[in-house]
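To be precise, the following lines are final11.cif, and they hold mmCIF, N, CA and C atoms.
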```cif
data_target
loop_
_atom_site.label_atom_id
_atom_site.label_comp_id
_atom_site.auth_asym_id
_atom_site.auth_seq_id
_atom_site.Cartn_x
_atom_site.Cartn_y
_atom_site.Cartn_z
N LEU A 7 -45.82 -21.35 -4.03
CA LEU A 7 -44.49 -20.76 -4.03
C LEU A 7 -44.56 -19.27 -4.39
N ASP A 8 -43.68 -18.51 -3.80
CA ASP A 8 -43.65 -17.11 -4.16
C ASP A 8 -42.94 -16.93 -5.50
N LEU A 9 -42.94 -15.72 -6.03
CA LEU A 9 -42.38 -15.46 -7.35
C LEU A 9 -40.90 -15.81 -7.43
N LEU A 10 -40.13 -15.50 -6.38
CA LEU A 10 -38.70 -15.81 -6.38
C LEU A 10 -38.47 -17.30 -6.51
N GLU A 11 -39.20 -18.09 -5.73
CA GLU A 11 -39.04 -19.55 -5.78
C GLU A 11 -39.41 -20.09 -7.16
N LYS A 12 -40.47 -19.57 -7.77
CA LYS A 12 -40.86 -20.00 -9.11
C LYS A 12 -39.78 -19.66 -10.12
N TYR A 13 -39.25 -18.45 -10.04
CA TYR A 13 -38.18 -18.03 -10.94
C TYR A 13 -36.97 -18.94 -10.80
N MET A 14 -36.58 -19.23 -9.56
CA MET A 14 -35.39 -20.03 -9.32
C MET A 14 -35.58 -21.48 -9.76
N LYS A 15 -36.77 -22.02 -9.63
CA LYS A 15 -37.02 -23.38 -10.11
C LYS A 15 -36.89 -23.45 -11.62
N LYS A 16 -37.37 -22.41 -12.29
CA LYS A 16 -37.35 -22.36 -13.75
C LYS A 16 -35.95 -22.09 -14.30
N ASN A 17 -35.10 -21.41 -13.55
CA ASN A 17 -33.79 -20.98 -14.03
C ASN A 17 -32.65 -21.63 -13.26
N LYS A 18 -32.70 -22.94 -13.10
CA LYS A 18 -31.63 -23.63 -12.37
C LYS A 18 -30.34 -23.67 -13.18
N GLU A 19 -30.43 -23.50 -14.48
CA GLU A 19 -29.25 -23.47 -15.33
C GLU A 19 -29.15 -22.09 -15.98
N MET A 20 -28.01 -21.42 -15.75
CA MET A 20 -27.81 -20.07 -16.30
C MET A 20 -26.36 -19.90 -16.73
N MET A 21 -26.18 -19.02 -17.69
CA MET A 21 -24.85 -18.62 -18.14
C MET A 21 -24.90 -17.12 -18.37
N PHE A 22 -23.94 -16.40 -17.80
CA PHE A 22 -23.86 -14.97 -18.05
C PHE A 22 -22.45 -14.48 -17.77
N VAL A 23 -22.15 -13.31 -18.30
CA VAL A 23 -20.86 -12.68 -18.07
C VAL A 23 -21.05 -11.60 -17.02
N GLN A 24 -20.22 -11.66 -15.97
CA GLN A 24 -20.28 -10.71 -14.87
C GLN A 24 -19.09 -9.75 -14.97
N THR A 25 -19.38 -8.46 -14.96
CA THR A 25 -18.30 -7.47 -14.94
C THR A 25 -17.76 -7.34 -13.52
N CYS A 26 -16.63 -6.66 -13.40
CA CYS A 26 -15.99 -6.46 -12.09
C CYS A 26 -15.98 -4.98 -11.71
N GLY A 27 -17.03 -4.27 -12.04
CA GLY A 27 -17.14 -2.87 -11.65
C GLY A 27 -16.10 -2.01 -12.34
N THR A 28 -15.24 -1.37 -11.58
CA THR A 28 -14.25 -0.47 -12.15
C THR A 28 -13.08 -1.21 -12.78
N TYR A 29 -12.98 -2.51 -12.56
CA TYR A 29 -11.90 -3.30 -13.16
C TYR A 29 -12.37 -3.87 -14.49
N SER A 30 -11.44 -4.05 -15.41
CA SER A 30 -11.81 -4.46 -16.77
C SER A 30 -12.10 -5.96 -16.89
N ASN A 31 -11.82 -6.73 -15.86
CA ASN A 31 -12.03 -8.17 -15.93
C ASN A 31 -13.51 -8.52 -16.04
N GLU A 32 -13.75 -9.66 -16.66
CA GLU A 32 -15.10 -10.21 -16.74
C GLU A 32 -15.04 -11.67 -16.31
N ILE A 33 -16.13 -12.14 -15.74
CA ILE A 33 -16.20 -13.51 -15.23
C ILE A 33 -17.34 -14.22 -15.95
N LEU A 34 -17.04 -15.37 -16.52
CA LEU A 34 -18.09 -16.20 -17.08
C LEU A 34 -18.69 -16.99 -15.93
N VAL A 35 -19.97 -16.79 -15.67
CA VAL A 35 -20.66 -17.47 -14.58
C VAL A 35 -21.51 -18.59 -15.18
N LEU A 36 -21.27 -19.81 -14.73
CA LEU A 36 -22.00 -20.98 -15.19
C LEU A 36 -22.70 -21.59 -13.98
N VAL A 37 -24.01 -21.62 -14.02
CA VAL A 37 -24.81 -22.13 -12.91
C VAL A 37 -25.58 -23.35 -13.37
N GLY A 38 -25.29 -24.49 -12.75
CA GLY A 38 -25.99 -25.71 -13.11
C GLY A 38 -25.77 -26.14 -14.54
N ALA A 39 -24.72 -25.65 -15.15
CA ALA A 39 -24.46 -25.94 -16.56
C ALA A 39 -24.10 -27.41 -16.73
N THR A 40 -24.80 -28.08 -17.62
CA THR A 40 -24.52 -29.49 -17.87
C THR A 40 -24.35 -29.80 -19.34
N ASP A 41 -24.72 -28.88 -20.20
CA ASP A 41 -24.74 -29.14 -21.64
C ASP A 41 -23.64 -28.34 -22.35
N LYS A 42 -22.65 -29.06 -22.85
CA LYS A 42 -21.52 -28.42 -23.54
C LYS A 42 -21.97 -27.72 -24.82
N ASN A 43 -22.98 -28.26 -25.49
CA ASN A 43 -23.48 -27.63 -26.72
C ASN A 43 -24.14 -26.28 -26.43
N LYS A 44 -24.90 -26.20 -25.34
CA LYS A 44 -25.49 -24.92 -24.94
C LYS A 44 -24.40 -23.90 -24.62
N LEU A 45 -23.38 -24.37 -23.93
CA LEU A 45 -22.26 -23.49 -23.59
C LEU A 45 -21.57 -22.99 -24.86
N PHE A 46 -21.34 -23.87 -25.80
CA PHE A 46 -20.72 -23.49 -27.07
C PHE A 46 -21.55 -22.41 -27.77
N ARG A 47 -22.86 -22.62 -27.83
CA ARG A 47 -23.76 -21.63 -28.48
C ARG A 47 -23.72 -20.30 -27.74
N TYR A 48 -23.68 -20.35 -26.41
CA TYR A 48 -23.63 -19.11 -25.62
C TYR A 48 -22.33 -18.36 -25.88
N LEU A 49 -21.22 -19.07 -25.87
CA LEU A 49 -19.92 -18.43 -26.11
C LEU A 49 -19.86 -17.82 -27.51
N LYS A 50 -20.42 -18.51 -28.47
CA LYS A 50 -20.45 -18.00 -29.85
C LYS A 50 -21.35 -16.77 -29.95
N LYS A 51 -22.52 -16.84 -29.32
CA LYS A 51 -23.49 -15.73 -29.36
C LYS A 51 -22.92 -14.47 -28.71
N THR A 52 -22.20 -14.64 -27.61
CA THR A 52 -21.66 -13.48 -26.90
C THR A 52 -20.30 -13.03 -27.45
N LYS A 53 -19.82 -13.74 -28.47
CA LYS A 53 -18.57 -13.37 -29.17
C LYS A 53 -17.38 -13.30 -28.22
N VAL A 54 -17.27 -14.34 -27.39
CA VAL A 54 -16.14 -14.46 -26.47
C VAL A 54 -14.90 -14.78 -27.30
N ARG A 55 -13.75 -14.28 -26.84
CA ARG A 55 -12.49 -14.53 -27.56
C ARG A 55 -12.29 -16.02 -27.81
N ALA A 56 -11.72 -16.34 -28.96
CA ALA A 56 -11.53 -17.73 -29.36
C ALA A 56 -10.66 -18.52 -28.38
N ASP A 57 -9.58 -17.92 -27.90
CA ASP A 57 -8.69 -18.65 -26.98
C ASP A 57 -9.39 -18.94 -25.65
N PHE A 58 -10.20 -17.99 -25.18
CA PHE A 58 -10.96 -18.20 -23.94
C PHE A 58 -12.00 -19.30 -24.15
N SER A 59 -12.74 -19.22 -25.26
CA SER A 59 -13.77 -20.23 -25.56
C SER A 59 -13.16 -21.62 -25.64
N LYS A 60 -12.02 -21.73 -26.30
CA LYS A 60 -11.36 -23.03 -26.45
C LYS A 60 -11.02 -23.60 -25.07
N TRP A 61 -10.44 -22.77 -24.20
CA TRP A 61 -10.09 -23.23 -22.85
C TRP A 61 -11.34 -23.67 -22.08
N VAL A 62 -12.38 -22.86 -22.11
CA VAL A 62 -13.61 -23.18 -21.37
C VAL A 62 -14.20 -24.49 -21.87
N LEU A 63 -14.30 -24.65 -23.17
CA LEU A 63 -14.90 -25.87 -23.73
C LEU A 63 -14.03 -27.10 -23.45
N GLU A 64 -12.71 -26.93 -23.47
CA GLU A 64 -11.82 -28.07 -23.19
C GLU A 64 -11.93 -28.51 -21.73
N ASP A 65 -12.04 -27.57 -20.81
CA ASP A 65 -12.06 -27.90 -19.38
C ASP A 65 -13.46 -28.10 -18.80
N PHE A 66 -14.49 -27.83 -19.58
CA PHE A 66 -15.87 -27.87 -19.10
C PHE A 66 -16.21 -29.21 -18.45
N SER A 67 -15.89 -30.31 -19.09
CA SER A 67 -16.24 -31.63 -18.55
C SER A 67 -15.56 -31.89 -17.21
N ASP A 68 -14.29 -31.46 -17.10
CA ASP A 68 -13.57 -31.63 -15.82
C ASP A 68 -14.24 -30.84 -14.71
N TRP A 69 -14.61 -29.59 -15.00
CA TRP A 69 -15.28 -28.76 -14.00
C TRP A 69 -16.59 -29.39 -13.57
N LYS A 70 -17.34 -29.84 -14.56
CA LYS A 70 -18.65 -30.44 -14.29
C LYS A 70 -18.50 -31.66 -13.38
N GLU A 71 -17.52 -32.49 -13.65
CA GLU A 71 -17.29 -33.68 -12.83
C GLU A 71 -16.82 -33.30 -11.42
N THR A 72 -15.98 -32.28 -11.31
CA THR A 72 -15.52 -31.83 -9.99
C THR A 72 -16.69 -31.35 -9.16
N ILE A 73 -17.56 -30.55 -9.76
CA ILE A 73 -18.74 -30.04 -9.05
C ILE A 73 -19.64 -31.21 -8.64
N LYS A 74 -19.84 -32.14 -9.55
CA LYS A 74 -20.72 -33.26 -9.30
C LYS A 74 -20.20 -34.15 -8.17
N SER A 75 -18.90 -34.33 -8.13
CA SER A 75 -18.36 -35.29 -7.18
C SER A 75 -18.07 -34.74 -5.79
N GLU A 76 -17.63 -33.47 -5.70
CA GLU A 76 -17.16 -33.06 -4.39
C GLU A 76 -17.40 -31.62 -4.00
N LYS A 77 -17.65 -30.74 -4.93
CA LYS A 77 -17.69 -29.32 -4.58
C LYS A 77 -19.05 -28.72 -4.88
N ARG A 78 -19.30 -27.59 -4.21
CA ARG A 78 -20.54 -26.85 -4.45
C ARG A 78 -20.30 -25.72 -5.44
N GLY A 79 -19.05 -25.29 -5.55
CA GLY A 79 -18.69 -24.21 -6.45
C GLY A 79 -17.23 -24.31 -6.81
N LEU A 80 -16.84 -23.61 -7.87
CA LEU A 80 -15.48 -23.69 -8.35
C LEU A 80 -15.11 -22.39 -9.06
N PHE A 81 -13.99 -21.81 -8.67
CA PHE A 81 -13.46 -20.63 -9.36
C PHE A 81 -12.22 -21.07 -10.13
N CYS A 82 -12.20 -20.78 -11.42
CA CYS A 82 -11.09 -21.19 -12.29
C CYS A 82 -10.58 -19.98 -13.05
N TRP A 83 -9.29 -19.98 -13.35
CA TRP A 83 -8.73 -18.93 -14.18
C TRP A 83 -7.62 -19.52 -15.02
N ASN A 84 -7.32 -18.80 -16.08
CA ASN A 84 -6.26 -19.22 -16.98
C ASN A 84 -5.47 -17.98 -17.36
N LYS A 85 -4.27 -17.86 -16.82
CA LYS A 85 -3.47 -16.66 -17.07
C LYS A 85 -3.06 -16.54 -18.53
N ASN A 86 -3.04 -17.66 -19.26
CA ASN A 86 -2.65 -17.62 -20.66
C ASN A 86 -3.71 -16.99 -21.55
N VAL A 87 -4.97 -17.03 -21.11
CA VAL A 87 -6.05 -16.42 -21.91
C VAL A 87 -6.79 -15.34 -21.12
N GLU A 88 -6.24 -14.99 -19.96
CA GLU A 88 -6.85 -13.96 -19.12
C GLU A 88 -8.34 -14.20 -18.91
N GLY A 89 -8.66 -15.39 -18.50
CA GLY A 89 -10.06 -15.72 -18.32
C GLY A 89 -10.40 -16.13 -16.91
N LEU A 90 -11.60 -15.78 -16.47
CA LEU A 90 -12.11 -16.14 -15.15
C LEU A 90 -13.45 -16.85 -15.33
N VAL A 91 -13.64 -17.94 -14.60
CA VAL A 91 -14.89 -18.69 -14.66
C VAL A 91 -15.36 -19.01 -13.24
N LEU A 92 -16.62 -18.77 -12.98
CA LEU A 92 -17.26 -19.17 -11.73
C LEU A 92 -18.28 -20.23 -12.08
N PHE A 93 -18.06 -21.43 -11.55
CA PHE A 93 -18.92 -22.58 -11.85
C PHE A 93 -19.66 -22.95 -10.58
N LEU A 94 -20.98 -22.93 -10.61
CA LEU A 94 -21.80 -23.23 -9.44
C LEU A 94 -22.78 -24.35 -9.72
N ARG A 95 -23.16 -25.05 -8.68
CA ARG A 95 -24.22 -26.06 -8.79
C ARG A 95 -25.53 -25.40 -9.19
N PRO A 96 -26.55 -26.19 -9.55
CA PRO A 96 -27.84 -25.60 -9.88
C PRO A 96 -28.36 -24.70 -8.75
N LEU A 97 -29.03 -23.67 -9.13
CA LEU A 97 -29.52 -22.64 -8.23
C LEU A 97 -30.47 -23.20 -7.18
N LYS A 98 -30.22 -22.80 -5.94
CA LYS A 98 -31.06 -23.22 -4.82
C LYS A 98 -31.09 -22.07 -3.83
N ASN A 99 -32.24 -21.75 -3.30
CA ASN A 99 -32.37 -20.62 -2.38
C ASN A 99 -32.24 -21.10 -0.94
N ASP A 100 -30.99 -21.40 -0.55
CA ASP A 100 -30.75 -21.76 0.85
C ASP A 100 -29.39 -21.18 1.25
N TRP A 101 -29.12 -21.18 2.56
CA TRP A 101 -27.90 -20.57 3.07
C TRP A 101 -26.66 -21.24 2.50
N GLU A 102 -26.67 -22.54 2.36
CA GLU A 102 -25.50 -23.24 1.83
C GLU A 102 -25.13 -22.72 0.43
N TYR A 103 -26.13 -22.46 -0.39
CA TYR A 103 -25.86 -21.96 -1.74
C TYR A 103 -25.23 -20.57 -1.69
N TRP A 104 -25.82 -19.68 -0.89
CA TRP A 104 -25.30 -18.31 -0.82
C TRP A 104 -23.94 -18.26 -0.14
N GLU A 105 -23.70 -19.15 0.82
CA GLU A 105 -22.38 -19.23 1.44
C GLU A 105 -21.33 -19.72 0.44
N THR A 106 -21.73 -20.65 -0.42
CA THR A 106 -20.83 -21.11 -1.48
C THR A 106 -20.50 -19.97 -2.43
N LEU A 107 -21.51 -19.20 -2.80
CA LEU A 107 -21.27 -18.05 -3.67
C LEU A 107 -20.29 -17.09 -3.02
N MET A 108 -20.48 -16.78 -1.75
CA MET A 108 -19.56 -15.88 -1.05
C MET A 108 -18.15 -16.46 -0.99
N HIS A 109 -18.05 -17.74 -0.73
CA HIS A 109 -16.75 -18.40 -0.66
C HIS A 109 -16.00 -18.26 -2.00
N GLU A 110 -16.68 -18.55 -3.09
CA GLU A 110 -16.04 -18.48 -4.41
C GLU A 110 -15.72 -17.03 -4.80
N ILE A 111 -16.57 -16.10 -4.42
CA ILE A 111 -16.29 -14.69 -4.69
C ILE A 111 -15.04 -14.24 -3.93
N GLN A 112 -14.85 -14.75 -2.72
CA GLN A 112 -13.64 -14.42 -1.98
C GLN A 112 -12.40 -14.86 -2.75
N HIS A 113 -12.45 -16.04 -3.37
CA HIS A 113 -11.33 -16.50 -4.20
C HIS A 113 -11.11 -15.55 -5.38
N ILE A 114 -12.21 -15.10 -5.98
CA ILE A 114 -12.11 -14.16 -7.11
C ILE A 114 -11.44 -12.87 -6.65
N VAL A 115 -11.88 -12.33 -5.53
CA VAL A 115 -11.32 -11.08 -5.00
C VAL A 115 -9.83 -11.25 -4.70
N GLN A 116 -9.46 -12.36 -4.08
CA GLN A 116 -8.04 -12.60 -3.78
C GLN A 116 -7.21 -12.65 -5.06
N HIS A 117 -7.74 -13.33 -6.07
CA HIS A 117 -7.04 -13.42 -7.35
C HIS A 117 -6.88 -12.04 -8.00
N LEU A 118 -7.96 -11.28 -8.03
CA LEU A 118 -7.90 -9.95 -8.64
C LEU A 118 -7.04 -8.99 -7.83
N ALA A 119 -7.00 -9.16 -6.51
CA ALA A 119 -6.15 -8.31 -5.67
C ALA A 119 -4.68 -8.47 -6.08
N LYS A 120 -4.28 -9.71 -6.35
CA LYS A 120 -2.91 -9.95 -6.81
C LYS A 120 -2.68 -9.32 -8.19
N CYS A 121 -3.63 -9.55 -9.10
CA CYS A 121 -3.48 -9.07 -10.48
C CYS A 121 -3.54 -7.55 -10.60
N LYS A 122 -4.32 -6.92 -9.76
CA LYS A 122 -4.56 -5.47 -9.87
C LYS A 122 -3.75 -4.66 -8.86
N GLY A 123 -2.86 -5.31 -8.13
CA GLY A 123 -2.01 -4.58 -7.19
C GLY A 123 -2.75 -3.99 -6.01
N MET A 124 -3.79 -4.70 -5.55
CA MET A 124 -4.53 -4.16 -4.40
C MET A 124 -4.46 -5.11 -3.20
N ASN A 125 -3.36 -5.84 -3.07
CA ASN A 125 -3.18 -6.72 -1.91
C ASN A 125 -3.23 -5.95 -0.60
N ASP A 126 -2.71 -4.73 -0.60
CA ASP A 126 -2.68 -3.92 0.61
C ASP A 126 -3.83 -2.92 0.66
N GLU A 127 -4.89 -3.22 -0.05
CA GLU A 127 -6.07 -2.34 -0.11
C GLU A 127 -7.31 -3.10 0.34
N PRO A 128 -7.45 -3.37 1.64
CA PRO A 128 -8.60 -4.16 2.10
C PRO A 128 -9.95 -3.50 1.80
N GLU A 129 -9.99 -2.18 1.79
CA GLU A 129 -11.27 -1.50 1.52
C GLU A 129 -11.68 -1.71 0.06
N ALA A 130 -10.72 -1.63 -0.85
CA ALA A 130 -11.01 -1.89 -2.27
C ALA A 130 -11.48 -3.33 -2.47
N GLN A 131 -10.84 -4.25 -1.77
CA GLN A 131 -11.24 -5.65 -1.85
C GLN A 131 -12.66 -5.85 -1.32
N ALA A 132 -12.97 -5.19 -0.22
CA ALA A 132 -14.31 -5.31 0.37
C ALA A 132 -15.37 -4.76 -0.57
N TYR A 133 -15.10 -3.62 -1.21
CA TYR A 133 -16.05 -3.06 -2.16
C TYR A 133 -16.23 -3.97 -3.37
N LEU A 134 -15.14 -4.57 -3.85
CA LEU A 134 -15.25 -5.49 -4.98
C LEU A 134 -16.07 -6.71 -4.59
N PHE A 135 -15.82 -7.25 -3.40
CA PHE A 135 -16.61 -8.39 -2.92
C PHE A 135 -18.09 -8.05 -2.89
N GLU A 136 -18.40 -6.91 -2.30
CA GLU A 136 -19.79 -6.46 -2.18
C GLU A 136 -20.43 -6.31 -3.56
N PHE A 137 -19.70 -5.67 -4.49
CA PHE A 137 -20.22 -5.46 -5.85
C PHE A 137 -20.51 -6.80 -6.54
N LEU A 138 -19.54 -7.72 -6.47
CA LEU A 138 -19.72 -9.01 -7.13
C LEU A 138 -20.86 -9.82 -6.51
N PHE A 139 -20.90 -9.86 -5.17
CA PHE A 139 -21.96 -10.64 -4.53
C PHE A 139 -23.34 -10.08 -4.88
N ARG A 140 -23.50 -8.76 -4.76
CA ARG A 140 -24.80 -8.15 -5.06
C ARG A 140 -25.19 -8.38 -6.52
N SER A 141 -24.27 -8.16 -7.44
CA SER A 141 -24.56 -8.29 -8.86
C SER A 141 -24.92 -9.72 -9.24
N ILE A 142 -24.11 -10.66 -8.80
CA ILE A 142 -24.37 -12.06 -9.15
C ILE A 142 -25.64 -12.56 -8.48
N ARG A 143 -25.83 -12.25 -7.19
CA ARG A 143 -27.03 -12.69 -6.49
C ARG A 143 -28.29 -12.16 -7.16
N ARG A 144 -28.27 -10.89 -7.54
CA ARG A 144 -29.45 -10.31 -8.18
C ARG A 144 -29.75 -10.97 -9.52
N LYS A 145 -28.72 -11.32 -10.27
CA LYS A 145 -28.94 -12.03 -11.53
C LYS A 145 -29.49 -13.42 -11.27
N LEU A 146 -28.95 -14.09 -10.27
CA LEU A 146 -29.44 -15.43 -9.94
C LEU A 146 -30.88 -15.40 -9.48
N GLN A 147 -31.26 -14.36 -8.76
CA GLN A 147 -32.62 -14.25 -8.25
C GLN A 147 -33.59 -13.61 -9.24
N GLY A 148 -33.07 -13.19 -10.38
CA GLY A 148 -33.94 -12.62 -11.41
C GLY A 148 -34.35 -11.19 -11.14
N THR A 149 -33.66 -10.50 -10.23
CA THR A 149 -34.02 -9.10 -9.94
C THR A 149 -33.14 -8.13 -10.70
N ASP A 150 -32.23 -8.65 -11.51
CA ASP A 150 -31.36 -7.82 -12.34
C ASP A 150 -31.24 -8.51 -13.69
N LYS A 151 -31.19 -7.75 -14.75
CA LYS A 151 -31.11 -8.34 -16.08
C LYS A 151 -29.75 -8.97 -16.32
N ILE A 152 -29.78 -10.06 -17.06
CA ILE A 152 -28.54 -10.76 -17.44
C ILE A 152 -28.10 -10.23 -18.78
#
```
As a first step, turn the structure in this file into structure tokens.
Amino acid sequence: LDLLEKYMKKNKEMMFVQTCGTYSNEILVLVGATDKNKLFRYLKKTKVRADFSKWVLEDFSDWKETIKSEKRGLFCWNKNVEGLVLFLRPLKNDWEYWETLMHEIQHIVQHLAKCKGMNDEPEAQAYLFEFLFRSIRRKLQGTDKI
């Protein structure tokens, strides 16, 4: 196996916070996450707001079951705690995985377009999509630091 494949086999489960470039929003990215205790430790270590952590930990099992039963990815938000979560299946280097990532990022962009008043700004949306896809993909592939 090449280095990328070795890295991806070793890092099928990841958690990181993704910024949104010029926008102040942040996205909690959970890849192959199955352990609620690990998630709790990560949220505590990164000093995530208490209300956001509570929501994530309360809904974690539901998200995990949804991914397991029917979906490849899931974008969730909570307007009450201003939180965004991208939940993905374990990392796999195939087109279906990257297409799922693009699909979920499109949902993120649509959501942020409404929140940030850029519904009529397709170029801004395209740049945000490009930024998020490149940033998340590079972290997943180990070519960018988490």
| said: Ranking A:Lys42, A:Lys51, A:Lys122, A:Lys85 by minimum distance to A:Val23 and counting only C-alpha atoms, which one comes first? | reply: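 Closest to A:Val23 of all the choices is A:Lys51.
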| query | So how far away is atom CA of A:Lys18 from atom CA of A:Asp150, in Å? | reply | 15.8 Å
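The residue that comes closest to A:Glu19, out of A:Leu97, A:Phe137, A:Leu92, A:Arg144 and on the basis of only N, CA and C atoms, is A:Leu97.
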Counting only C-alpha atoms, what is within 12 Å of A:Arg47, bar same-chain residues fewer than 5 positions away, as a tab-separated table (two decimals) with N, CA and C atoms, in the frame of the given file?
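Contents of around_35.tsv, as written:
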```tsv
chain	number	residue	atom	x	y	z
A	21	MET	N	-26.18	-19.02	-17.69
A	21	MET	CA	-24.85	-18.62	-18.14
A	21	MET	C	-24.90	-17.12	-18.37
A	41	ASP	N	-24.72	-28.88	-20.20
A	41	ASP	CA	-24.74	-29.14	-21.64
A	41	ASP	C	-23.64	-28.34	-22.35
A	42	LYS	N	-22.65	-29.06	-22.85
A	42	LYS	CA	-21.52	-28.42	-23.54
A	42	LYS	C	-21.97	-27.72	-24.82
A	52	THR	N	-22.20	-14.64	-27.61
A	52	THR	CA	-21.66	-13.48	-26.90
A	52	THR	C	-20.30	-13.03	-27.45
A	53	LYS	N	-19.82	-13.74	-28.47
A	53	LYS	CA	-18.57	-13.37	-29.17
A	53	LYS	C	-17.38	-13.30	-28.22
A	54	VAL	N	-17.27	-14.34	-27.39
A	54	VAL	CA	-16.14	-14.46	-26.47
A	54	VAL	C	-14.90	-14.78	-27.30
A	59	SER	N	-12.74	-19.22	-25.26
A	59	SER	CA	-13.77	-20.23	-25.56
A	59	SER	C	-13.16	-21.62	-25.64
A	63	LEU	N	-14.30	-24.65	-23.17
A	63	LEU	CA	-14.90	-25.87	-23.73
A	63	LEU	C	-14.03	-27.10	-23.45
```
| Which one of A:Phe93, A:Asp57, A:Val62, A:Cys26 sits closest to A:Gly38 if you count all atoms listed in the file? |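 Of A:Phe93, A:Asp57, A:Val62, A:Cys26, the one nearest A:Gly38, counting all atoms listed in the file, is A:Phe93.
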| For this file, the PyMOL selection byres ((chain A and resi 107-120) around 6.5) selects which residues, as a count of residues only? | 16
| request: as a list in words, please: all residues of chain A that backbone DSSP puts in strand (DSSP E). | output: Met20, Met21, Phe22, Val23, Gln24, Thr25, Cys26, Tyr29, Ser30, Asn31, Glu32, Ile33, Leu34, Val35, Leu36, Val37, Gly79, Leu80, Phe81, Cys82, Trp83, Asn84, Gly89, Leu90, Val91, Leu92, Phe93 and Leu94 of chain A
| task | Please indicate the distance in Å from atom C of A:Val35 to atom N of A:Val91, rounded to one decimal place. | result | 7.9 Å
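Here atom N of A:Asn99 stands at a distance of 22.7 Å from atom CA of A:Leu45.
For the choices A:Lys145, A:Lys50, A:Lys44, A:Arg95, the atom-to-atom distance to A:Lys74 is smallest for A:Arg95 when using only N, CA and C atoms.
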Report, as JSON, the centre and edge lengths in Å (one decimal) of the axis-aligned box enclosing every listed atom of stretch 122-139 of chain A, padded by 4 Å on each side.
```
{"center_x": -12.7, "center_y": -6.1, "center_z": -3.9, "size_x": 29.3, "size_y": 17.1, "size_z": 20.0}
```
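Restricting the calculation to all atoms listed in the file, the smallest distance between A:Leu94 and any of A:Phe58, A:Phe46, A:Ala39, A:Phe22 is found for A:Ala39.
Here the question is which of A:Met20, A:Ile142, A:Ser75, A:Asn86 gets nearest to A:Val37 using only C-alpha atoms, and that residue is A:Met20.
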Shell around A:Asn31 at 9 Å using only C-alpha atoms, local window under 2 positions removed, as a PDB file with N, CA and C atoms, keeping the file's coordinate frame:
```
ATOM      1  N   GLN A  24     -20.220 -11.660 -15.970  1.00  0.00           N
ATOM      2  CA  GLN A  24     -20.280 -10.710 -14.870  1.00  0.00           C
ATOM      3  C   GLN A  24     -19.090  -9.750 -14.970  1.00  0.00           C
ATOM      4  N   THR A  25     -19.380  -8.460 -14.960  1.00  0.00           N
ATOM      5  CA  THR A  25     -18.300  -7.470 -14.940  1.00  0.00           C
ATOM      6  C   THR A  25     -17.760  -7.340 -13.520  1.00  0.00           C
ATOM      7  N   CYS A  26     -16.630  -6.660 -13.400  1.00  0.00           N
ATOM      8  CA  CYS A  26     -15.990  -6.460 -12.090  1.00  0.00           C
ATOM      9  C   CYS A  26     -15.980  -4.980 -11.710  1.00  0.00           C
ATOM     10  N   GLY A  27     -17.030  -4.270 -12.040  1.00  0.00           N
ATOM     11  CA  GLY A  27     -17.140  -2.870 -11.650  1.00  0.00           C
ATOM     12  C   GLY A  27     -16.100  -2.010 -12.340  1.00  0.00           C
ATOM     13  N   THR A  28     -15.240  -1.370 -11.580  1.00  0.00           N
ATOM     14  CA  THR A  28     -14.250  -0.470 -12.150  1.00  0.00           C
ATOM     15  C   THR A  28     -13.080  -1.210 -12.780  1.00  0.00           C
ATOM     16  N   TYR A  29     -12.980  -2.510 -12.560  1.00  0.00           N
ATOM     17  CA  TYR A  29     -11.900  -3.300 -13.160  1.00  0.00           C
ATOM     18  C   TYR A  29     -12.370  -3.870 -14.490  1.00  0.00           C
ATOM     19  N   ILE A  33     -16.130 -12.140 -15.740  1.00  0.00           N
ATOM     20  CA  ILE A  33     -16.200 -13.510 -15.230  1.00  0.00           C
ATOM     21  C   ILE A  33     -17.340 -14.220 -15.950  1.00  0.00           C
ATOM     22  N   GLU A  88      -6.240 -14.990 -19.960  1.00  0.00           N
ATOM     23  CA  GLU A  88      -6.850 -13.960 -19.120  1.00  0.00           C
ATOM     24  C   GLU A  88      -8.340 -14.200 -18.910  1.00  0.00           C
ATOM     25  N   GLY A  89      -8.660 -15.390 -18.500  1.00  0.00           N
ATOM     26  CA  GLY A  89     -10.060 -15.720 -18.320  1.00  0.00           C
ATOM     27  C   GLY A  89     -10.400 -16.130 -16.910  1.00  0.00           C
ATOM     28  N   LEU A  90     -11.600 -15.780 -16.470  1.00  0.00           N
ATOM     29  CA  LEU A  90     -12.110 -16.140 -15.150  1.00  0.00           C
ATOM     30  C   LEU A  90     -13.450 -16.850 -15.330  1.00  0.00           C
ATOM     31  N   LEU A 118      -7.960 -11.280  -8.030  1.00  0.00           N
ATOM     32  CA  LEU A 118      -7.900  -9.950  -8.640  1.00  0.00           C
ATOM     33  C   LEU A 118      -7.040  -8.990  -7.830  1.00  0.00           C
TER      34      LEU A 118
END
```
| So which bits of stretch 15-121 of chain A end up helix (DSSP H, G or I) when you DSSP the backbone, as a ChimeraX atom specification? | /A:15-16,42-51,56-75,101-121
